[in-house]
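File shown: coords-v6.cif. Contents: mmCIF, C-alpha atoms.
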```cif
data_target
loop_
_atom_site.label_atom_id
_atom_site.label_comp_id
_atom_site.auth_asym_id
_atom_site.auth_seq_id
_atom_site.Cartn_x
_atom_site.Cartn_y
_atom_site.Cartn_z
CA MET A 1 25.02 -72.84 -218.13
CA THR A 2 23.58 -71.75 -214.78
CA SER A 3 24.70 -68.26 -213.80
CA TYR A 4 24.99 -66.85 -210.28
CA LEU A 5 25.10 -63.33 -208.86
CA PHE A 6 26.39 -62.78 -205.34
CA GLY A 7 27.66 -59.85 -203.33
CA LEU A 8 29.38 -58.74 -200.15
CA ILE A 9 27.79 -56.15 -197.85
CA GLY A 10 30.03 -54.24 -195.44
CA SER A 11 31.98 -51.07 -194.79
CA GLY A 12 35.40 -50.40 -196.26
CA ILE A 13 35.41 -53.65 -198.25
CA GLY A 14 37.37 -52.37 -201.23
CA PRO A 15 40.43 -54.50 -200.35
CA SER A 16 38.37 -57.66 -199.71
CA LEU A 17 39.69 -60.82 -201.33
CA SER A 18 36.29 -62.52 -201.18
CA PRO A 19 35.25 -61.69 -204.78
CA ALA A 20 38.42 -63.13 -206.28
CA LEU A 21 38.35 -66.12 -203.93
CA HIS A 22 34.77 -67.06 -204.86
CA GLU A 23 35.15 -66.35 -208.57
CA ARG A 24 38.41 -68.31 -208.89
CA GLU A 25 36.85 -71.41 -207.37
CA ALA A 26 33.76 -71.01 -209.54
CA ASP A 27 35.98 -70.80 -212.65
CA GLN A 28 37.65 -74.05 -211.66
CA LEU A 29 34.22 -75.68 -211.37
CA GLY A 30 33.01 -74.31 -214.70
CA LEU A 31 30.40 -71.99 -213.19
CA ARG A 32 29.32 -68.56 -214.41
CA TYR A 33 29.63 -66.67 -211.16
CA LEU A 34 29.73 -62.93 -210.48
CA TYR A 35 30.57 -61.60 -207.02
CA ARG A 36 30.19 -57.88 -206.37
CA ARG A 37 31.15 -55.55 -203.52
CA LEU A 38 28.27 -53.58 -201.98
CA ASP A 39 30.22 -51.12 -199.85
CA LEU A 40 28.02 -49.30 -197.35
CA ASP A 41 30.44 -46.36 -197.26
CA VAL A 42 30.17 -45.92 -201.03
CA LEU A 43 26.43 -46.55 -201.30
CA ASP A 44 25.67 -44.41 -198.23
CA ARG A 45 22.72 -46.62 -197.33
CA PRO A 46 22.02 -48.81 -194.27
CA ALA A 47 22.71 -52.51 -194.63
CA GLY A 48 19.03 -53.46 -194.56
CA GLN A 49 18.23 -51.24 -197.52
CA VAL A 50 21.16 -52.64 -199.48
CA LEU A 51 20.05 -56.19 -198.73
CA GLU A 52 16.51 -55.44 -199.92
CA ALA A 53 17.84 -53.80 -203.09
CA ALA A 54 19.99 -56.86 -203.80
CA ARG A 55 16.99 -59.12 -203.33
CA LEU A 56 14.94 -57.05 -205.80
CA ALA A 57 17.85 -56.91 -208.25
CA GLY A 58 17.94 -60.69 -208.51
CA PHE A 59 21.01 -61.53 -206.45
CA ASP A 60 21.21 -65.21 -205.49
CA GLY A 61 22.88 -64.52 -202.17
CA LEU A 62 25.09 -62.25 -200.11
CA ASN A 63 27.94 -62.41 -197.67
CA VAL A 64 27.74 -59.94 -194.80
CA THR A 65 30.68 -58.48 -192.91
CA HIS A 66 31.44 -55.70 -190.40
CA PRO A 67 29.40 -53.84 -189.27
CA ALA A 68 26.22 -55.48 -190.60
CA LYS A 69 26.21 -59.06 -189.28
CA GLN A 70 23.59 -58.24 -186.67
CA SER A 71 21.84 -55.22 -188.19
CA VAL A 72 20.57 -57.26 -191.16
CA LEU A 73 18.69 -59.71 -188.93
CA ASP A 74 15.45 -57.72 -189.05
CA HIS A 75 15.46 -57.94 -192.86
CA LEU A 76 15.59 -61.74 -193.07
CA ASP A 77 12.70 -64.16 -193.38
CA GLU A 78 14.38 -67.12 -191.71
CA LEU A 79 17.52 -68.05 -189.79
CA SER A 80 19.39 -71.33 -189.77
CA PRO A 81 19.69 -72.90 -186.30
CA GLU A 82 23.35 -71.86 -186.10
CA ALA A 83 22.64 -68.26 -187.09
CA ALA A 84 19.75 -68.09 -184.62
CA ALA A 85 21.97 -69.37 -181.81
CA LEU A 86 24.71 -66.87 -182.68
CA GLY A 87 22.42 -63.91 -183.28
CA ALA A 88 24.47 -62.96 -186.33
CA VAL A 89 24.70 -63.86 -189.99
CA ASN A 90 27.50 -63.68 -192.53
CA THR A 91 25.69 -65.48 -195.37
CA VAL A 92 22.25 -64.80 -196.86
CA VAL A 93 20.69 -67.10 -199.44
CA PHE A 94 17.75 -65.84 -201.50
CA ASP A 95 15.40 -68.73 -202.17
CA GLY A 96 12.03 -68.19 -203.82
CA GLY A 97 11.96 -64.58 -202.73
CA ARG A 98 12.83 -65.45 -199.13
CA ALA A 99 16.04 -64.27 -197.46
CA ILE A 100 17.53 -67.02 -195.31
CA GLY A 101 20.39 -66.16 -192.93
CA HIS A 102 23.26 -68.51 -192.15
CA ASN A 103 26.53 -68.22 -190.24
CA THR A 104 29.70 -69.87 -191.51
CA ASP A 105 32.09 -67.80 -189.40
CA SER A 106 31.88 -70.26 -186.51
CA THR A 107 32.77 -73.34 -188.55
CA GLY A 108 35.36 -71.32 -190.46
CA PHE A 109 37.18 -70.28 -187.30
CA ALA A 110 36.91 -73.74 -185.73
CA GLY A 111 38.43 -75.32 -188.83
CA SER A 112 41.22 -72.76 -189.03
CA LEU A 113 42.17 -73.15 -185.36
CA SER A 114 42.10 -76.94 -185.59
CA ARG A 115 44.35 -76.87 -188.66
CA GLY A 116 46.68 -74.07 -187.63
CA LEU A 117 47.10 -74.71 -183.89
CA PRO A 118 45.89 -78.31 -183.46
CA ASP A 119 47.51 -78.88 -180.07
CA ALA A 120 46.69 -75.52 -178.50
CA ALA A 121 45.84 -75.65 -174.79
CA MET A 122 42.33 -74.34 -174.23
CA ASP A 123 41.60 -74.47 -170.52
CA THR A 124 41.34 -70.68 -170.33
CA VAL A 125 40.90 -68.42 -173.35
CA LEU A 126 40.30 -64.68 -173.56
CA LEU A 127 38.12 -63.42 -176.42
CA LEU A 128 38.26 -59.76 -177.39
CA GLY A 129 35.07 -58.65 -179.10
CA ALA A 130 31.43 -59.64 -178.56
CA GLY A 131 29.96 -58.47 -181.85
CA GLY A 132 28.80 -60.68 -184.70
CA ALA A 133 32.23 -62.13 -185.42
CA GLY A 134 33.01 -62.46 -181.73
CA ALA A 135 29.81 -64.42 -181.13
CA ALA A 136 30.73 -66.87 -183.88
CA VAL A 137 34.25 -67.30 -182.54
CA ALA A 138 32.94 -67.78 -179.00
CA HIS A 139 30.65 -70.61 -180.04
CA ALA A 140 33.50 -72.19 -182.00
CA LEU A 141 35.89 -72.03 -179.04
CA LEU A 142 33.42 -73.64 -176.65
CA SER A 143 32.50 -76.28 -179.23
CA LEU A 144 36.20 -77.12 -179.51
CA GLY A 145 36.44 -77.69 -175.77
CA THR A 146 37.55 -74.41 -174.21
CA GLY A 147 37.18 -74.83 -170.46
CA THR A 148 36.40 -71.24 -169.50
CA LEU A 149 35.96 -68.50 -172.07
CA HIS A 150 36.47 -64.95 -170.83
CA VAL A 151 34.70 -62.39 -173.05
CA HIS A 152 35.84 -58.77 -173.10
CA ASP A 153 34.24 -55.95 -175.07
CA VAL A 154 34.31 -52.16 -174.69
CA ASP A 155 30.52 -52.47 -174.60
CA GLU A 156 30.12 -54.30 -171.29
CA ALA A 157 26.41 -54.92 -171.84
CA ARG A 158 27.11 -56.59 -175.18
CA ALA A 159 29.73 -58.83 -173.56
CA ALA A 160 27.31 -59.77 -170.76
CA LYS A 161 24.57 -60.58 -173.28
CA LEU A 162 26.89 -62.89 -175.22
CA VAL A 163 28.07 -64.61 -172.04
CA SER A 164 24.47 -65.25 -171.01
CA ALA A 165 23.70 -66.82 -174.39
CA LEU A 166 26.84 -68.95 -174.26
CA CYS A 167 26.07 -70.27 -170.78
CA GLY A 168 22.55 -71.08 -171.92
CA ARG A 169 23.87 -73.18 -174.77
CA PHE A 170 27.04 -74.70 -173.30
CA GLY A 171 26.41 -74.71 -169.55
CA ALA A 172 26.81 -72.37 -166.62
CA ASP A 173 30.32 -71.05 -165.93
CA ARG A 174 31.65 -72.04 -169.37
CA ALA A 175 31.75 -68.33 -170.23
CA VAL A 176 32.28 -65.24 -168.08
CA THR A 177 32.96 -61.58 -168.72
CA GLY A 178 36.63 -60.77 -168.43
CA SER A 179 39.38 -58.22 -168.92
CA LEU A 180 42.95 -58.10 -170.21
CA ASP A 181 44.08 -59.11 -166.71
CA VAL A 182 43.03 -62.65 -167.61
CA LEU A 183 46.06 -62.88 -169.91
CA ASP A 184 48.31 -63.40 -166.87
CA GLY A 185 47.15 -67.01 -166.68
CA ALA A 186 45.38 -67.67 -169.98
CA ASP A 187 46.32 -70.31 -172.54
CA GLY A 188 45.09 -68.36 -175.54
CA LEU A 189 43.90 -65.01 -176.83
CA VAL A 190 41.51 -64.57 -179.75
CA HIS A 191 40.97 -61.13 -181.24
CA ALA A 192 37.62 -60.51 -182.97
CA THR A 193 37.30 -56.74 -183.37
CA PRO A 194 38.17 -54.51 -186.37
CA THR A 195 41.31 -53.20 -184.66
CA GLY A 196 44.31 -54.02 -186.82
CA MET A 197 42.46 -53.72 -190.12
CA ALA A 198 43.99 -51.30 -192.62
CA ARG A 199 41.46 -48.62 -191.71
CA TYR A 200 41.65 -49.32 -187.94
CA PRO A 201 45.40 -49.62 -187.27
CA GLY A 202 46.86 -50.54 -183.92
CA SER A 203 46.79 -53.38 -181.41
CA PRO A 204 44.13 -54.03 -178.76
CA VAL A 205 46.69 -55.48 -176.35
CA PRO A 206 49.87 -53.94 -174.90
CA ALA A 207 53.02 -55.88 -175.71
CA SER A 208 53.74 -56.33 -172.01
CA ALA A 209 50.62 -58.50 -171.65
CA LEU A 210 51.85 -61.10 -174.16
CA ARG A 211 53.76 -64.07 -172.71
CA PRO A 212 55.64 -66.71 -174.76
CA GLU A 213 53.34 -69.41 -173.31
CA LEU A 214 50.29 -67.70 -174.83
CA TRP A 215 48.92 -68.52 -178.29
CA VAL A 216 47.29 -65.66 -180.16
CA ALA A 217 44.74 -65.83 -182.99
CA ASP A 218 43.45 -62.87 -184.98
CA ILE A 219 40.43 -62.97 -187.28
CA VAL A 220 41.60 -59.89 -189.22
CA TYR A 221 43.12 -60.88 -192.56
CA ARG A 222 43.73 -57.52 -194.24
CA PRO A 223 46.57 -57.30 -193.43
CA LEU A 224 47.48 -60.86 -192.49
CA GLU A 225 50.29 -59.63 -190.29
CA THR A 226 48.41 -57.37 -187.90
CA GLU A 227 50.25 -55.36 -185.30
CA LEU A 228 48.92 -57.77 -182.65
CA LEU A 229 50.33 -60.83 -184.41
CA ARG A 230 53.62 -59.14 -185.23
CA THR A 231 54.08 -58.13 -181.60
CA ALA A 232 52.95 -61.52 -180.28
CA ALA A 233 55.37 -63.39 -182.55
CA ALA A 234 58.21 -61.12 -181.44
CA ARG A 235 57.31 -61.94 -177.82
CA GLY A 236 57.58 -65.67 -178.55
CA CYS A 237 53.87 -66.51 -178.86
CA ARG A 238 52.48 -69.03 -181.33
CA VAL A 239 50.19 -67.11 -183.66
CA LEU A 240 47.38 -67.76 -186.13
CA ASP A 241 46.35 -65.23 -188.75
CA GLY A 242 42.85 -64.69 -190.09
CA GLY A 243 43.44 -66.22 -193.53
CA GLY A 244 42.30 -69.72 -192.70
CA MET A 245 39.02 -68.50 -191.24
CA VAL A 246 38.19 -66.33 -194.25
CA VAL A 247 38.85 -69.21 -196.67
CA LEU A 248 36.96 -71.86 -194.73
CA GLN A 249 33.93 -69.64 -194.11
CA ALA A 250 33.99 -68.74 -197.80
CA ALA A 251 34.01 -72.41 -198.76
CA ASP A 252 31.00 -73.05 -196.52
CA SER A 253 29.21 -70.04 -198.01
CA PHE A 254 30.01 -71.22 -201.54
CA ARG A 255 28.40 -74.56 -200.72
CA LEU A 256 25.27 -72.85 -199.36
CA PHE A 257 25.09 -70.52 -202.37
CA THR A 258 25.43 -73.15 -205.09
CA GLY A 259 24.80 -76.58 -203.58
CA ILE A 260 28.16 -77.56 -205.09
CA GLU A 261 31.11 -78.81 -203.05
CA PRO A 262 34.14 -76.51 -203.41
CA ASP A 263 37.73 -77.73 -203.24
CA THR A 264 38.82 -76.25 -199.91
CA GLU A 265 42.49 -77.07 -200.38
CA ARG A 266 42.43 -75.34 -203.76
CA MET A 267 40.75 -72.30 -202.21
CA LEU A 268 43.48 -72.18 -199.57
CA ARG A 269 46.09 -72.20 -202.32
CA HIS A 270 44.23 -69.46 -204.19
CA PHE A 271 44.12 -67.36 -201.05
CA ALA A 272 47.84 -67.82 -200.49
CA GLU A 273 48.47 -66.56 -204.02
CA LEU A 274 46.12 -63.60 -203.61
CA ALA A 275 47.63 -62.67 -200.25
CA ALA A 276 51.27 -63.17 -201.25
CA SER A 277 51.83 -59.42 -201.41
CA GLU A 278 50.69 -59.09 -197.78
CA GLY A 279 53.99 -60.41 -196.46
CA LYS A 280 54.58 -63.10 -193.87
CA VAL A 281 51.77 -65.65 -193.45
CA TYR A 282 51.60 -67.34 -190.06
CA ALA A 283 50.14 -70.70 -189.03
CA ARG A 284 47.03 -70.46 -191.14
CA GLY A 285 45.22 -73.77 -191.46
#
```
Kindly transcribe the structure held in the file into structure tokens.
Amino acid sequence: MTSYLFGLIGSGIGPSLSPALHEREADQLGLRYLYRRLDLDVLDRPAGQVLEAARLAGFDGLNVTHPAKQSVLDHLDELSPEAAALGAVNTVVFDGGRAIGHNTDSTGFAGSLSRGLPDAAMDTVLLLGAGGAGAAVAHALLSLGTGTLHVHDVDEARAAKLVSALCGRFGADRAVTGSLDVLDGADGLVHATPTGMARYPGSPVPASALRPELWVADIVYRPLETELLRTAAARGCRVLDGGGMVVLQAADSFRLFTGIEPDTERMLRHFAELAASEGKVYARG
């Protein structure tokens, strides 16, 4: 039987459901599959060093999460076209000693939004966060037909850099830098920063800025019911939690890791079981 060894690099990943999600699907497919957490806070090493150690230790691949999706780029031998366009990776495949970076966050978010909010208006959308996850979400939103994407980040230079890349790929004026003021007339809001995670509590948006006509999507999935989503739902907004994205990106990573087609619907059911203790699950795809 072929055996596989994979891992997840990131900070504060103790609560991550990725190991159980991957290993459950592998069990269903009859694969010997180990998935380990490589927590940067515990190891006290930079992401690049951890990646190199995993390569030397014989790992077959890695997932990469906050805050390492961009910092690992200098330690890779090759990027897929999607990862190169996004300037961020969440999946690394070791092949013949080479580390090849991929990005499945974009397709994962696109699939989740299409499933969870299939009729969402997308003329004007505000994206909060221009980091690795934000870049993936931005490309997904424009690929799905967003008319104008407004990008806001506390790091204004990072937001401007992402906007420039988006306009280069999708056309001038498809993306602009923006602020929370855009919410007055926006169709949707997508949150792609760590705010709302268990270790970064709070909401990036004041309740007064949320209108019932607005749909709100959050990529955070621990917890599923972030303060932003809870407040938005109470204000009458349609909401989408981060569960669908994490499952669909995991399915795409699983396929890259093994060359075997996972059962996405089964993985969604597994996630629902794993996350049952989190409380209310919103319109996840």
Around region 78-81 of chain A, fit a box with edges along x, y and z, padding it by 8 Å on each side, then list its centre and edge lengths in Å to one decimal as JSON.
```
{"center_x": 17.0, "center_y": -70.0, "center_z": -189.0, "size_x": 21.3, "size_y": 21.8, "size_z": 21.4}
```
Counting only C-alpha atoms, note down every residue that has an atom within 12 Å of the point (27.9, -62.3, -176.9) (file coordinates), as number ranges by chain.
A: 70, 85-88, 127-139, 149-153, 155-169, 175-177, 192
Selection result of the PyMOL selection byres ((chain A and resi 122) around 6) on this file, as a PDB file with C-alpha atoms, in the coordinates of the input:
```pdb
ATOM      1  CA  ALA A 121      45.840 -75.650-174.790  1.00  0.00           C
ATOM      2  CA  ASP A 123      41.600 -74.470-170.520  1.00  0.00           C
ATOM      3  CA  THR A 124      41.340 -70.680-170.330  1.00  0.00           C
ATOM      4  CA  THR A 146      37.550 -74.410-174.210  1.00  0.00           C
ATOM      5  CA  ASP A 187      46.320 -70.310-172.540  1.00  0.00           C
TER       6      ASP A 187
END
```
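For the pair CA of Asp39 (chain A) and CA of Gly14 (chain A), the interatomic distance is 7.4 Å.
Residues matched by the PyMOL selection byres ((chain A and resi 103) around 6) in this file: Ala83, Val89, Asn90, Thr91, His102, Thr104 and Asp105 of chain A.
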Show me a table, sorted first by chain and then by increasing residue number, of the residues of region 93-115 of chain A having an atom at most 12 Å from region 250-262 of chain A, each with its shortest atom pair and the distance in Å to one decimal, counting all atoms listed in the file and written as a tab-separated table.
```
residue	atom	partner	partner_atom	distance
A:Val93	CA	A:Phe257	CA	6.3
A:Phe94	CA	A:Phe257	CA	8.7
A:Asp95	CA	A:Phe257	CA	9.9
A:Ile100	CA	A:Leu256	CA	10.5
A:Gly101	CA	A:Leu256	CA	10.5
A:His102	CA	A:Ser253	CA	8.5
A:Asn103	CA	A:Ser253	CA	8.4
A:Thr104	CA	A:Asp252	CA	6.1
A:Asp105	CA	A:Ala250	CA	8.7
A:Ser106	CA	A:Asp252	CA	10.4
A:Thr107	CA	A:Asp252	CA	8.2
A:Gly108	CA	A:Asp252	CA	7.7
A:Phe109	CA	A:Ala250	CA	11.1
A:Gly111	CA	A:Asp252	CA	10.9
```
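Every residue that the PyMOL selection byres ((chain A and resi 191) around 9) selects in this file is listed here: Leu126, Leu127, Leu128, Gly129, Gly134, Leu189, Val190, Ala192, Thr193, Pro194, Thr195, Pro204, Val216, Ala217, Asp218, Ile219, Val220 and Leu228 of chain A.
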Could you make a table, as JSON lines, of the residues of region 87-147 of chain A that have an atom within 10 Å of an atom of region 229-239 of chain A, each with its nearest atom pair and distance in Å to one decimal, counting only C-alpha atoms, in chain and number order?
```
{"residue": "A:Gly116", "atom": "CA", "partner": "A:Val239", "partner_atom": "CA", "distance": 8.7}
{"residue": "A:Leu117", "atom": "CA", "partner": "A:Val239", "partner_atom": "CA", "distance": 8.2}
{"residue": "A:Ala120", "atom": "CA", "partner": "A:Arg238", "partner_atom": "CA", "distance": 9.1}
```
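Across the model, the gap from CA of Pro67 (chain A) to CA of Leu183 (chain A) is 27.1 Å.
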In Å and to one decimal, CA of His270 (chain A) is distant from CA of Arg24 (chain A) by 7.6 Å
* Surrounding residues of Glu227 (chain A) excluding itself and chain neighbours under 4 positions, 8 Å, all atoms listed in the file, as a PyMOL selection string -> chain A and resi 196+201-203+231
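The smallest atom-to-atom distance between Glu265 (chain A) and any of A:Arg36, A:Gly171, A:Ile13, A:Arg115, using only C-alpha atoms, is found for A:Arg115.
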Counting all atoms listed in the file, give me one row per residue of region 230-265 of chain A with an atom at most 10 Å from an atom of region 271-274 of chain A, showing the shortest contact pair and its distance in Å to one decimal, sorted by chain then residue number, as CSV.
```
residue,atom,partner,partner_atom,distance
A:Gly243,CA,A:Phe271,CA,7.6
A:Gly244,CA,A:Phe271,CA,8.9
A:Val246,CA,A:Phe271,CA,9.1
A:Val247,CA,A:Phe271,CA,7.1
A:Glu265,CA,A:Phe271,CA,9.9
```
For the selection you just gave me, I'd like the residues written to a file as a PDB file, keeping the file's coordinate frame, keeping C-alpha atoms.
```
ATOM      1  CA  GLY A 243      43.440 -66.220-193.530  1.00  0.00           C
ATOM      2  CA  GLY A 244      42.300 -69.720-192.700  1.00  0.00           C
ATOM      3  CA  VAL A 246      38.190 -66.330-194.250  1.00  0.00           C
ATOM      4  CA  VAL A 247      38.850 -69.210-196.670  1.00  0.00           C
ATOM      5  CA  GLU A 265      42.490 -77.070-200.380  1.00  0.00           C
TER       6      GLU A 265
END
```
Near Gly96 (chain A), counting all atoms listed in the file, which residues have an atom at most 12 Å away, once you skip same-chain residues fewer than 5 positions from it, shown as a VMD selection string? chain A and resid 55 to 56 58 to 61 77
Of A:Ile9, A:Arg266, A:Asp44, A:Gln28, the one sitting nearest Leu62 (chain A) when using only C-alpha atoms is A:Ile9
